[in-house]
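Notes to accompany the following structure.
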Protein chains: 2
Amino acid sequence: MAPSAVEVLPESDTSTFTIPDRLTIQSVAKRRAASGKLIAGAAAAADVHSFKGRTQHVHKANAKRWDHRLTEEAKARTGSSLKEAAKYLGQPGLISLGGGLPSSEYFPLDEIKFKVPALGHFSAKDIHEHGVVLTAGKHDMAEDKSLFDIATALQYGQGHGAAQLLRWIIEHTEIVHNPTYQDWSCTMTIGSTSAFDITLRMFTKPGNWILSEEFTFPAMVESAAPMGVKVAAVGMDEHGMRAESLDEVLSSWDEKVRGGPKPFLVYTVPTGQNPTGATQTLERRKAIYAVAQKHDLYIVEDEPYYFLQMQPYTGPNAPDVPPPASHEEFLKSLVPSYLSLDTDGRVMRMDSFSKVIAPGGRVGWITASEQICERYSKHADLATQGPSGLSQLMLFKLLDEHWGHAGYLDWLIHIRMEYTARRNVILEACETYLPGDLISWAPPMAGMFHWLKVEYRKHPHYGKKTAIEIEEEIFHKLMEHGTLLMKGSWFRAEQELAVETMFLRATYAAVPSEQIQEAVRRLGAAIRDSFGDATAANGVL
Amino acid sequence: MAPSAVEVLPESDTSTFTIPDRLTIQSVAKRRAASGKLIAGAAAAADVHSFKGRTQHVHKANAKRWDHRLTEEAKARTGSSLKEAAKYLGQPGLISLGGGLPSSEYFPLDEIKFKVPALGHFSAKDIHEHGVVLTAGKHDMAEDKSLFDIATALQYGQGHGAAQLLRWIIEHTEIVHNPTYQDWSCTMTIGSTSAFDITLRMFTKPGNWILSEEFTFPAMVESAAPMGVKVAAVGMDEHGMRAESLDEVLSSWDEKVRGGPKPFLVYTVPTGQNPTGATQTLERRKAIYAVAQKHDLYIVEDEPYYFLQMQPYTGPNAPDVPPPASHEEFLKSLVPSYLSLDTDGRVMRMDSFSKVIAPGGRVGWITASEQICERYSKHADLATQGPSGLSQLMLFKLLDEHWGHAGYLDWLIHIRMEYTARRNVILEACETYLPGDLISWAPPMAGMFHWLKVEYRKHPHYGKKTAIEIEEEIFHKLMEHGTLLMKGSWFRAEQELAVETMFLRATYAAVPSEQIQEAVRRLGAAIRDSFGDATAANGVL
C-alpha cells in the first residue's frame with residue numbers, strides 16, 4: 001500500500017507516487033490486513049472506501065454528476081430520520097432503548113450447514129459425494145468464529161447489503177473490471193429485475209423513451225411500459241447493438257413524432273444478449289461508448305451472462321481449445337466490460353449471481369459512481385431493503401470463507417467449460433439436422449441462447465399470410481413435432497415496427513445433451529414439414 | 001368437506017348446504033388430502049383456490065372492485081409474454097428449448113441443514129442444546145422426500161412466492177382471520193417496507209395525500225414523500241387512531257388548502273402501533289371501518305406486531321395472568337383484525353415474519369381481494385420477484401414440515417409470554433424510577449414500544465425555548481446519563497403542524513431485563529436533572 005501521506009495530496013497532484021497496479025487476487029489479503037478486522041454488527045453501514053483500498057484509486061478522476069438526469073423522486077430521497085439516533089450508539093456505556101430491533105434470542109435458528117463444492121471438485125456428483133460442509137452459528141461473531149453469523153444476517157440490514165458480502169463483491173468487481181474513475185462503488189440488489197425497476201424510477205418519468213437492442217429481454221419492456229416509458233429499438237448485427245444505429249436514432253430523434261424527449265438511458269446486454277446470443281466486441285463497445293459521450297447518454301449494462309463467455313467454437317471436427325491455463329488468462333479472455341471502459345462514470349453495471357450460482361438467492365449488485373450507488377441504496381432502504389440475510393450468509397460462507405476469489409474464478413472456469421460443451425452440442429446438432437437453406441445462425445460466444453434466423457420468405461404462405469401469422473404457424477408445427485422454441489417476435493423492443501425478419505430462440509442451458517440433440521432433430525423435421533419439404537413427413541434427413 | 005356438487009351451484013344459491021365452519025388446525029390435513037398432493041416444480045404458479053378449499057368460501061359475497069382507485073401503472077401491468085409459452089409445457093413428450101432457466105446441475109449447493117427449536121423447547125438455550133436439525137436436499141422432490149427442495153427453491157420463481165410456502169400462509173391466515181368475503185387471497189412480499197412501496201405505486205400518484213396516525217412509522221412517510229405523496233395526520237388517543245378524527249379530516253378536506261384531492265388510502269398499525277404502542281380495540285376498529293365505508297376508503301393494515309399482543313398487565317404486586325390454555329383461547333385473546341371485519345374487501349393486510357421469526361429472511365405476505373393480490377403479484381413479477389428461495393425453504397421446513405400450524409401457534413404463545421415479561425420489566429422500572437408528575441404512560445398491550453408522555457410545560461425552559469428545542473435538550477440530557485430513547489417528534493406524520501405534546505419512545509424488545517431497568521433508572525435521573533429536580537444529580541429517587 002502507498003504511504004498514508006498520499007491520501008492528503010490534492011487530487012490533481014499525482015506526481016509523487018506511481019500509479020498502483022490493479023487489484024490482484026494475491027493482494028486482496030494485504031489490503032484487508034491494512035484495513036483491520038472487519039467488524040460489522042446488526043444493520044451496520046458498510047465502509048466501502050476501506051473495501052476499495054484507501055489509496056488504490058486516488059490518481060483517477062471522479063465520475064461525472066448526474067443531477068440533470070435524475071428524477072425528482074431520486075433526488076428527494078433522504079436518509080431515515082431514525083438513523084440520526086444511530087450516531088450516538090458508539091458512546092461507551094450507553095444503554096439503548098432506541099432502535100426497534102427484535103432480540104436475536106427469539107430467532108428460531110441456531111445453526112445452518114451448507115454442503116457446497118470443494119475446491120476443484122465441481123461436478124454435481126462430486127458435490128453430492130465429496131462436498132464440503134460450511135457451518136454458520138448464531139453468535140459466531142461474538143465467539144470470534146467468523147465475521148458473519150445468523151444473529152446478524154437475520155437481523156434488519158441496510159439497503160446496500162451486509163458489509164461482509166459487500167466487501168467481497170467490491171474486491172471481485174475490482175479484480176475483474178478495475179474501474180477507471182476514482183469514485184466508483186457497488187451496492188447490492190435483490191436481483192437485476194428489481195435493479196432495473198429502481199433504475200427506471202431514478203432516471204425516467206411517464207412519456208420518456210429509453211433505448212435498447214431491437215430484440216431485447218421482454219421483461220425489460222414490460223417493466224417500463226406501466227410506468228409510461230417506451231423503448232426505442234436500436235439496430236443490431238451479429239455483434240449486437242450497432243453504434244451507427246444508436247447515433248442515427250438519437251440524431252434523427254423527432255420529439256413530435258415520438259411524443260417524448262430525446263432519450264438518454266441505454267439498456268444493453270453486451271454479452272450473450274438475450275435473445276440473440278450476440279456479444280459486442282471491444283471495438284463495438286468503444287464505438288457505442290463514444291456515441292454515449294456524444295449524446296450524453298447513461299448506459300445500463302445488464303450482464304447476467306458475462307461469465308458465460310465460452311471457448312472459441314472450432315467446428316464439429318476440430319480439436320477443442322484447451323481451458324484457460326490461469327486466472328489471468330481467464331480474465332484476459334473476457335471481453336472488457338463497459339464498466340472497465342467507463343472514464344466518465346456514465347455506466348451502471350448490473351451483476352447477477354442467477355446464472356453462475358443460482359437465481360433463487362435473489363442477490364445481485366450494481367457498480368456505478370458513488371452518487372448513483374448512494375441514490376440507489378437510499379431507494380432500496382425504503383423499498384426492497386437488502387437481499388435476504390440467509391442468501392447473503394450462504395454466499396459469504398461460500399465465496400469469501402470457503403472458495404475465496406481464486407476458487408470462485410475456478411468455479412467460473414468450470415461453468416465456462418460446461419456451457420462450451422452444451423453450446424457445441426447444439427451447434428453440432430444444428431449442423432446435422434437443420435436445412436441450411438431455411439435456417440441460419442452465428443455460433444454464440446456467450447450466454448444461454450442460440451438465435452436461429454428463419455427464411456420465412458421461402459415459406460409457401462409468404463405473401464398470403466403476414467410474417468407474424470407464418471411465425472405462429474411454424475411455432476405450432478414445432479409443437480406438433482414435440483419441440484418448443486421461443487418466437488423471435490416475442491422479443492421485439494418496438495412491436496409497432498414492421499416485421500422484416502424471423503427468428504426462433506433456443507436455449508442450451510436447461511436440458512441434457514441428448515434432449516438438446518433430439519429437440520433439434522425435431523426442429524429440423526418441423527421446419528421441413530412447415531416449408532413443405534417432402535423429406536419432412538417422417539423426420540428423416 | 002362439502003360434496004363436490006356444491007362447486008357447480010350458482011354463487012347466489014347457498015340454500016342447499018350449511019355454511020362451513022372456519023378452518024381449524026385439525027381440518028387443514030383433511031383439506032390438503034382433498035386437494036391431492038402438492039406438486040409445484042420450478043417457477044410453478046400457485047393454485048390458491050385449492051389452498052383455500054374449493055367450497056369453504058362459496059357462501060360469501062365477493063369483494064368490491066377497486067378499478068376506480070388503482071393507478072394507470074397498476075392497471076397497465078400485463079403478464080410476461082414469455083409465459084405464454086409456459087401453457088404448452090404440459091404436452092406429453094415435449095422437449096423445451098424455450099425457457100431460459102439455468103440447470104440446477106450448476107447450483108453449488110447440495111444440502112442444507114437448519115437447527116431449529118423442537119416443539120415446546122423454545123428457549124434460546126434449548127434451541128442450542130436440544131434443537132432439531134431439518135434437512136433440505138437438492139432433489140428431494142424428485143426423490144419423494146419432501147414437497148420442496150433446493151433445486152426448486154433456488155430456481156427462478158413467481159412474484160407470489162413458492163406454492164409450498166404460500167399454501168401454509170393461506171391456511172394460517174384463514175385459521176387466524178377467517179376472511180368474510182369469498183375472493184380473498186394472499187401473495188408473498190419481500191417484507192412490508194417493499195409491500196408499502198408497491199402499494200403506494202398501485203394507489204397513489206404525485207400530489208396525492210394518504211392518511212395515517214398523527215404519530216407514525218417514519219419510514220412510511222419517507223417512502224411516500226419522494227413519490228410526491230403526503231401524509232395527513234389523524235388524531236389518536238390511548239386506543240390509537242380516532243374514528244371521529246378520521247371522519248373529520250375527510251369531511252373537512254379542502255383541496256385548495258391541501259393542494260390535493262381528498263385521500264382514500266389509510267395506513268394504520270392497529271396493534272402495538274409504532275411508536276405509541278397503542279392497540280385499537282374491536283369497537284375502535286369497527287368505528288374506523290364504518291368511516292372507511294362512508295368515505296370509500298382503502299385500508300392498509302400493517303400488522304408486524306399482531307402476535308406481540310401480550311397478557312393483561314396486572315401491576316407490580318398482582319399475580320401474573322396464566323398463559324392461554326389452548327390454541328383456541330390464544331386465538332380468541334387476539335383483537336380481531338381489520339381483515340376479519342372486512343365485508344367489502346377494502347383492506348390490505350400486511351403480515352411480516354420480522355418480529356416473530358426474524359427480519360433478515362425478508363419474507364412477508366399481504367392478504368386482500370384477488371384483484372388486489374393479482375395486481376400486486378404482477379407488479380412483483382417485474383420488480384421484487386418473490387422472496388429469496390433459501391428463506392422460503394427454511395420457513396417451509398420449519399413452519400410446514402416441522403412445527404405445523406399448531407407448533408407455530410405454540411411458538412407465538414412463547415413469544416407472547418416473553419414479551420409480556422419484558423413489558424412488565426419496563427413498566428415496573430418506570431413505576432420505580434420515573435417522576436410521575438413529569439412522565440406518564442399507558443401500559444402497552446402489544447408490540448415493542450413504550451410511549452412516555454413528557455410534561456414539557458413544567459420544564460424550566462418552557463416559554464423560553466420551543467417544544468422541539470426542549471425535546472432536544474432532554475434528549476441530550478438522556479445521552480449524558482447514558483441512555484438512549486427516541487424523540488417523539490421524529491414520528492410525527494405532519495411535521496408542519498404545531499407541536500403541542502412531547503413524547504419519548506422506549507423499546508423493551510432489544511436489551512436484557514437488567515439493562516432495561518438500568519436504562520430506565522438513568523432516564524429518571526436524566527429527567528429530574530433536566531427539569532431541575534434537586535434529587536437528580538446523584539440519580540437517587
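As shown in the C-alpha cells, the chain order sets the letters A, B, ...; within each chain, residues go from 1, and ligands are also counted from 1 in the order they appear.
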Could you write out as number ranges by chain the residues of chain A within 6 Å of chain B, counting only C-alpha atoms? A: 73, 76-77, 94-98, 101-103, 105, 107-116, 124, 128, 154-156, 193-194, 197, 223, 226-227, 357-362, 382-384, 388-389, 482-486, 506-507, 509-510, 519
Between B:Lys52, B:Lys465, B:His459, B:His239, which one has atoms that come closest to Glu174 of chain B, using only C-alpha atoms? B:Lys52
Could you pull out the strand (DSSP E) residues of segment 254-285 of chain A from DSSP and send them as an NGL selection string? :A and (265-268)
For the atom pair atom CA of Gly161 of chain B and atom CA of Met188 of chain B, what is the interatomic distance in Å to one decimal place?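 Spanning atom CA of Gly161 of chain B to atom CA of Met188 of chain B is a straight-line distance of 5.5 Å.
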Polymer residues at most 9 Å from Thr343 of chain B, only C-alpha atoms, same-chain spacing of 6 or more positions, as number ranges by chain: B: 61-63, 179-181
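Between atom CA of Trp451 of chain A and atom CA of Ala278 of chain A the interatomic distance comes to 8.7 Å.
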